[in-house]
Amino acid sequence: MKILVPVKRVIDANVKVRVKSDQSGVELANIKMAMNPFCEIAVEEALRMKEAGHADEVIVVSAGVAQAQETLRTGLAMGADRGILIECENDPEPLAVAKLLKAICEKEEPGVVLLGKQAIDGDNNQTGQMLAGLLGWAVATFASRIEVSDDTFRVTREIDGGLEAVKTPRPSVITVDLRLNEPRYASLPNIMKAKKKQVDKYTPADLGVDISPRLEILKVVEPPARDAGVKVSSAAELVDKLKNEAKVI
Ligand code: AMP
């Protein structure tokens, strides 16, 4: 079985995001970028499936600007076998990404596509579901455990009320949640080896996909600044403030 892992290049989770002065988006110039943390979890899970003998190839794929190749190299340094870069002038919207991934699925015929549950930049949480819809495949979202058997996946899903267990057939789309695993760090020798691994390149036109945006960003603004907190000296004072100042009890 082949496993396809779509990985997105996003602003590093430790960077303080700043809005551009013209409110057209967030500042990306000279900002540290990294692999979306949920995509790291998906790569880790794919590698564990391969190590357990359930898969023979892990392919990482990214749609984005040329520098998304660095994100692919991170996945290859973790242990993925091969990369695919779909080079786009701008960051494509989730529906466009799903259409591009569908075209790659038709070429590669993976047994499972493992995606992050969401990308931490747009917080869309759409791509996996749209991909499954376009392919007509089953989808299990928010996986916190995945067990592979010959032709099915048993997925434990994190839902509001607790955990839900579902069984999906092969091929499936699965989106992964935070508690699934702890991604490994790439070792220096593996970072060096990753430089030599194969990365195929496509454009959206090669895949016959129109990625013109369907959304118009009207403006992006910083969240309102929070008021400073106050320290109280006793539980009684806290109750008094909640009752008489905040009027919430
Ligand atoms: P989203 O729907 O944007 O929140 O993203 C969910 C997941 O879809 C991510 O964790 C990735 O696995 C995948 N994904 C989204 N955008 C891209 C992209 N441009 N290239 C590759 N994978 C992507």
# chains A, B, ... in the order shown; residues from 1 in each chain; ligands from 1

call {"tool": "residues_near_ligand", "arguments": {"ligand": "ligand 1", "cutoff": "6 Å", "atoms": "only C-alpha atoms and all ligand atoms", "output": "list in words"}}
result
Pro6, Val7, Lys8, Phe38, Cys39, Val61, Ser62, Ala63, Gly64, Pro92, Pro94, Val97, Leu115, Gly116, Lys117, Gln118, Ala119, Gly122, Asp123, Asn124, Asn125, Gln126, Thr127 and Gly128 of chain A

call {"tool": "residues_around", "arguments": {"residues": "stretch 157-170 of chain A", "least_positions_apart": "2", "cutoff": "6 Å", "atoms": "only C-alpha atoms", "output": "list in words"}}
result
Gly111, Phe142, Ala143, Ser144, Asp151, Thr152, Phe153, Arg154, Val155 and Ser172 of chain A

call {"tool": "write_last_selection", "arguments": {"atoms": "N, CA and C atoms", "output": "CSV table (one decimal), in the first residue's frame"}}
result
chain,number,residue,atom,x,y,z
A,111,GLY,N,-3.5,3.8,-0.8
A,111,GLY,CA,-4.5,3.0,0.0
A,111,GLY,C,-5.1,3.9,1.0
A,142,PHE,N,-10.5,13.7,12.6
A,142,PHE,CA,-10.0,13.8,14.0
A,142,PHE,C,-9.6,12.5,14.6
A,143,ALA,N,-8.7,11.8,13.9
A,143,ALA,CA,-8.3,10.5,14.4
A,143,ALA,C,-7.3,10.6,15.5
A,144,SER,N,-7.6,9.9,16.6
A,144,SER,CA,-6.6,9.8,17.7
A,144,SER,C,-6.1,8.4,17.9
A,151,ASP,N,-7.8,-4.8,4.8
A,151,ASP,CA,-8.6,-4.0,3.9
A,151,ASP,C,-9.4,-2.9,4.6
A,152,THR,N,-9.2,-2.7,5.8
A,152,THR,CA,-10.0,-1.7,6.6
A,152,THR,C,-9.1,-0.9,7.5
A,153,PHE,N,-9.6,0.2,7.9
A,153,PHE,CA,-8.9,1.1,8.9
A,153,PHE,C,-10.0,1.2,10.1
A,154,ARG,N,-9.5,0.9,11.3
A,154,ARG,CA,-10.4,1.2,12.5
A,154,ARG,C,-9.9,2.5,13.1
A,155,VAL,N,-10.7,3.5,13.1
A,155,VAL,CA,-10.3,4.8,13.5
A,155,VAL,C,-11.0,5.2,14.7
A,172,SER,N,-9.2,5.1,1.9
A,172,SER,CA,-9.9,6.1,2.7
A,172,SER,C,-9.1,7.4,2.8

call {"tool": "closest_atom_pairs", "arguments": {"of": "stretch 141-242 of chain A", "to": "stretch 16-36 of chain A", "cutoff": "8 Å", "atoms": "only C-alpha atoms", "output": "CSV"}}
result
residue,atom,partner,partner_atom,distance
A:Ile217,CA,A:Ser24,CA,7.1
A:Leu218,CA,A:Ser24,CA,7.4
A:Lys219,CA,A:Gln23,CA,5.3
A:Val220,CA,A:Gln23,CA,5.0
A:Val221,CA,A:Gln23,CA,6.3
A:Glu222,CA,A:Val19,CA,6.5

call {"tool": "write_last_selection", "arguments": {"atoms": "C-alpha atoms", "output": "JSON list (two decimals), in the first residue's frame"}}
result
[["chain", "number", "residue", "atom", "x", "y", "z"],
["A", 217, "ILE", "CA", -10.60, 38.47, 1.55],
["A", 218, "LEU", "CA", -12.24, 41.72, 2.61],
["A", 219, "LYS", "CA", -9.87, 42.47, 5.47],
["A", 220, "VAL", "CA", -7.74, 40.85, 8.12],
["A", 221, "VAL", "CA", -7.55, 42.43, 11.59],
["A", 222, "GLU", "CA", -5.76, 41.64, 14.85]]

call {"tool": "atom_distance", "arguments": {"atom1": "atom CA of A:Cys88", "atom2": "atom CA of A:Ala205"}}
result
9.7 Å

call {"tool": "atom_distance", "arguments": {"atom1": "atom CA of A:Arg48", "atom2": "atom CA of A:Asn190"}}
result
16.3 Å

call {"tool": "select_by_dssp", "arguments": {"residues": "stretch 143-208 of chain A", "states": "alpha helix (DSSP H)", "output": "PyMOL selection string"}}
result
chain A and resi 188-194

call {"tool": "write_last_selection", "arguments": {"atoms": "all heavy atoms", "output": "compact mmCIF listing (two decimals), in the first residue's frame"}}
result
# COMPACT_ATOMS: atom_id res chain seq x y z
N LEU A 188 20.35 14.42 11.78
CA LEU A 188 21.19 15.10 10.78
C LEU A 188 21.48 14.20 9.56
O LEU A 188 21.31 14.65 8.42
CB LEU A 188 22.49 15.58 11.43
CG LEU A 188 23.29 16.57 10.59
CD1 LEU A 188 22.46 17.80 10.23
CD2 LEU A 188 24.55 16.97 11.33
N PRO A 189 21.86 12.92 9.78
CA PRO A 189 22.09 12.07 8.59
C PRO A 189 20.84 11.95 7.72
O PRO A 189 20.94 11.97 6.49
CB PRO A 189 22.44 10.69 9.20
CG PRO A 189 22.83 10.96 10.60
CD PRO A 189 22.17 12.22 11.03
N ASN A 190 19.66 11.90 8.36
CA ASN A 190 18.43 11.80 7.56
C ASN A 190 18.12 13.10 6.82
O ASN A 190 17.55 13.07 5.73
CB ASN A 190 17.26 11.38 8.44
CG ASN A 190 17.35 9.91 8.80
OD1 ASN A 190 18.15 9.17 8.21
ND2 ASN A 190 16.57 9.48 9.78
N ILE A 191 18.51 14.23 7.43
CA ILE A 191 18.33 15.52 6.74
C ILE A 191 19.21 15.53 5.48
O ILE A 191 18.79 15.97 4.40
CB ILE A 191 18.67 16.71 7.67
CG1 ILE A 191 17.66 16.76 8.81
CG2 ILE A 191 18.71 18.03 6.90
CD1 ILE A 191 17.96 17.77 9.90
N MET A 192 20.43 15.01 5.61
CA MET A 192 21.35 14.96 4.46
C MET A 192 20.79 14.01 3.39
O MET A 192 20.76 14.35 2.21
CB MET A 192 22.76 14.49 4.87
CG MET A 192 23.41 15.34 5.93
SD MET A 192 23.36 17.09 5.57
CE MET A 192 24.52 17.18 4.23
N LYS A 193 20.29 12.84 3.85
CA LYS A 193 19.76 11.85 2.89
C LYS A 193 18.55 12.40 2.14
O LYS A 193 18.36 12.13 0.96
CB LYS A 193 19.30 10.59 3.65
CG LYS A 193 20.36 9.52 3.75
CD LYS A 193 19.70 8.22 4.21
CE LYS A 193 20.48 7.62 5.36
NZ LYS A 193 19.69 6.73 6.20
N ALA A 194 17.77 13.21 2.86
CA ALA A 194 16.52 13.74 2.27
C ALA A 194 16.80 14.61 1.05
O ALA A 194 15.98 14.72 0.15
CB ALA A 194 15.75 14.52 3.32

call {"tool": "select_by_dssp", "arguments": {"residues": "stretch 48-156 of chain A", "states": "strand (DSSP E or B)", "output": "JSON, numbers by chain"}}
result
{"A": [57, 58, 59, 60, 61, 62, 63, 64, 82, 83, 84, 85, 86, 87, 112, 113, 114, 115, 116, 138, 139, 140, 141, 142, 143, 144, 145, 146, 147, 148, 152, 153, 154, 155, 156]}

call {"tool": "residues_around", "arguments": {"residues": "A:Leu180", "least_positions_apart": "2", "cutoff": "6 Å", "atoms": "only C-alpha atoms", "output": "list in words"}}
result
Ser144, Arg145, Asp177 and Leu178 of chain A

call {"tool": "write_last_selection", "arguments": {"atoms": "all heavy atoms", "output": "short mmCIF file (atom, residue, chain, number, x, y, z; two decimals), in the first residue's frame"}}
result
data_model
loop_
_atom_site.label_atom_id
_atom_site.label_comp_id
_atom_site.auth_asym_id
_atom_site.auth_seq_id
_atom_site.Cartn_x
_atom_site.Cartn_y
_atom_site.Cartn_z
N SER A 144 -7.62 9.88 16.64
CA SER A 144 -6.65 9.83 17.73
C SER A 144 -6.06 8.43 17.85
O SER A 144 -5.19 8.18 18.68
CB SER A 144 -7.28 10.26 19.05
OG SER A 144 -8.31 9.40 19.40
N ARG A 145 -6.53 7.49 17.02
CA ARG A 145 -5.95 6.16 16.95
C ARG A 145 -6.33 5.55 15.61
O ARG A 145 -7.49 5.70 15.17
CB ARG A 145 -6.50 5.32 18.10
CG ARG A 145 -5.92 3.97 18.17
CD ARG A 145 -5.92 3.40 19.57
NE ARG A 145 -5.10 2.21 19.53
CZ ARG A 145 -5.46 1.04 20.03
NH1 ARG A 145 -6.60 0.91 20.65
NH2 ARG A 145 -4.68 0.01 19.94
N ASP A 177 -5.71 14.00 14.46
CA ASP A 177 -5.82 14.96 15.57
C ASP A 177 -4.54 14.95 16.41
O ASP A 177 -3.68 14.07 16.25
CB ASP A 177 -7.05 14.60 16.43
CG ASP A 177 -7.70 15.85 16.99
OD1 ASP A 177 -6.97 16.77 17.35
OD2 ASP A 177 -8.94 15.89 17.06
N LEU A 178 -4.49 15.87 17.37
CA LEU A 178 -3.27 16.11 18.14
C LEU A 178 -2.77 14.90 18.92
O LEU A 178 -1.57 14.67 19.02
CB LEU A 178 -3.58 17.26 19.11
CG LEU A 178 -2.41 17.92 19.79
CD1 LEU A 178 -1.51 18.60 18.78
CD2 LEU A 178 -2.92 18.95 20.81
#

call {"tool": "residues_around", "arguments": {"residues": "A:Ile104", "least_positions_apart": "6", "cutoff": "10 Å", "atoms": "only C-alpha atoms", "output": "tab-separated table (two decimals) with all heavy atoms, in the first residue's frame"}}
result
chain	number	residue	atom	x	y	z
A	4	LEU	N	-0.37	8.47	0.99
A	4	LEU	CA	-0.14	9.85	0.54
A	4	LEU	C	-0.38	10.79	1.71
A	4	LEU	O	-1.42	10.70	2.38
A	4	LEU	CB	-1.12	10.17	-0.60
A	4	LEU	CG	-0.86	11.47	-1.34
A	4	LEU	CD1	0.39	11.35	-2.21
A	4	LEU	CD2	-2.05	11.85	-2.23
A	61	VAL	N	3.16	15.29	-0.24
A	61	VAL	CA	2.78	16.18	-1.35
A	61	VAL	C	2.40	17.54	-0.79
A	61	VAL	O	1.75	17.62	0.26
A	61	VAL	CB	1.62	15.56	-2.19
A	61	VAL	CG1	0.46	15.11	-1.35
A	61	VAL	CG2	1.12	16.52	-3.26
A	84	ILE	N	6.13	15.21	-3.78
A	84	ILE	CA	5.50	15.79	-4.97
A	84	ILE	C	5.20	17.24	-4.65
A	84	ILE	O	4.51	17.53	-3.66
A	84	ILE	CB	4.18	15.06	-5.34
A	84	ILE	CG1	4.46	13.58	-5.65
A	84	ILE	CG2	3.50	15.75	-6.51
A	84	ILE	CD1	3.20	12.75	-5.91
A	86	ILE	N	3.38	20.60	-6.02
A	86	ILE	CA	2.49	21.20	-7.02
A	86	ILE	C	2.69	22.70	-6.87
A	86	ILE	O	2.22	23.32	-5.90
A	86	ILE	CB	1.02	20.81	-6.79
A	86	ILE	CG1	0.89	19.29	-6.65
A	86	ILE	CG2	0.15	21.32	-7.92
A	86	ILE	CD1	-0.42	18.82	-6.07
A	98	ALA	N	-7.92	20.35	-2.69
A	98	ALA	CA	-8.60	19.04	-2.77
A	98	ALA	C	-8.63	18.55	-4.22
A	98	ALA	O	-8.41	17.36	-4.49
A	98	ALA	CB	-10.00	19.15	-2.19
A	110	PRO	N	-3.15	5.74	-3.86
A	110	PRO	CA	-2.77	5.36	-2.50
A	110	PRO	C	-3.89	4.56	-1.83
A	110	PRO	O	-5.06	4.68	-2.21
A	110	PRO	CB	-2.60	6.71	-1.80
A	110	PRO	CG	-3.51	7.64	-2.54
A	110	PRO	CD	-3.50	7.17	-3.97
A	202	TYR	N	4.81	19.36	-10.43
A	202	TYR	CA	3.70	19.59	-11.35
A	202	TYR	C	3.23	21.03	-11.19
A	202	TYR	O	3.48	21.65	-10.16
A	202	TYR	CB	2.50	18.69	-11.01
A	202	TYR	CG	2.75	17.22	-11.15
A	202	TYR	CD1	3.05	16.43	-10.05
A	202	TYR	CD2	2.64	16.60	-12.40
A	202	TYR	CE1	3.26	15.07	-10.16
A	202	TYR	CE2	2.85	15.23	-12.52
A	202	TYR	CZ	3.15	14.48	-11.41
A	202	TYR	OH	3.35	13.13	-11.54
A	207	LEU	N	-2.07	19.19	-14.09
A	207	LEU	CA	-3.06	18.27	-13.50
A	207	LEU	C	-4.48	18.60	-13.96
A	207	LEU	O	-5.45	18.00	-13.51
A	207	LEU	CB	-2.97	18.33	-11.96
A	207	LEU	CG	-1.59	17.96	-11.37
A	207	LEU	CD1	-1.53	18.29	-9.89
A	207	LEU	CD2	-1.28	16.48	-11.60

call {"tool": "residues_around", "arguments": {"residues": "A:Glu93", "least_positions_apart": "5", "cutoff": "8 Å", "atoms": "only C-alpha atoms", "output": "VMD selection string"}}
result
chain A and resid 211 213 to 214

call {"tool": "write_last_selection", "arguments": {"atoms": "N, CA, C and O atoms", "output": "PDB file, in the first residue's frame"}}
result
ATOM      1  N   ILE A 211      -7.192  26.698 -10.316  1.00  0.00           N
ATOM      2  CA  ILE A 211      -7.136  27.027  -8.885  1.00  0.00           C
ATOM      3  C   ILE A 211      -7.522  28.492  -8.620  1.00  0.00           C
ATOM      4  O   ILE A 211      -7.180  29.042  -7.578  1.00  0.00           O
ATOM      5  N   PRO A 213      -9.104  31.666  -7.234  1.00  0.00           N
ATOM      6  CA  PRO A 213      -9.788  31.789  -5.940  1.00  0.00           C
ATOM      7  C   PRO A 213     -11.289  31.991  -6.094  1.00  0.00           C
ATOM      8  O   PRO A 213     -11.747  32.592  -7.060  1.00  0.00           O
ATOM      9  N   ARG A 214     -12.038  31.467  -5.142  1.00  0.00           N
ATOM     10  CA  ARG A 214     -13.492  31.672  -5.111  1.00  0.00           C
ATOM     11  C   ARG A 214     -13.871  32.571  -3.958  1.00  0.00           C
ATOM     12  O   ARG A 214     -15.023  32.928  -3.797  1.00  0.00           O
TER      13      ARG A 214
END

call {"tool": "closest_residue", "arguments": {"among": "A:Asp91, A:Asp210, A:Glu182, A:Asp81", "to": "A:Asp121", "atoms": "only C-alpha atoms"}}
result
A:Asp91
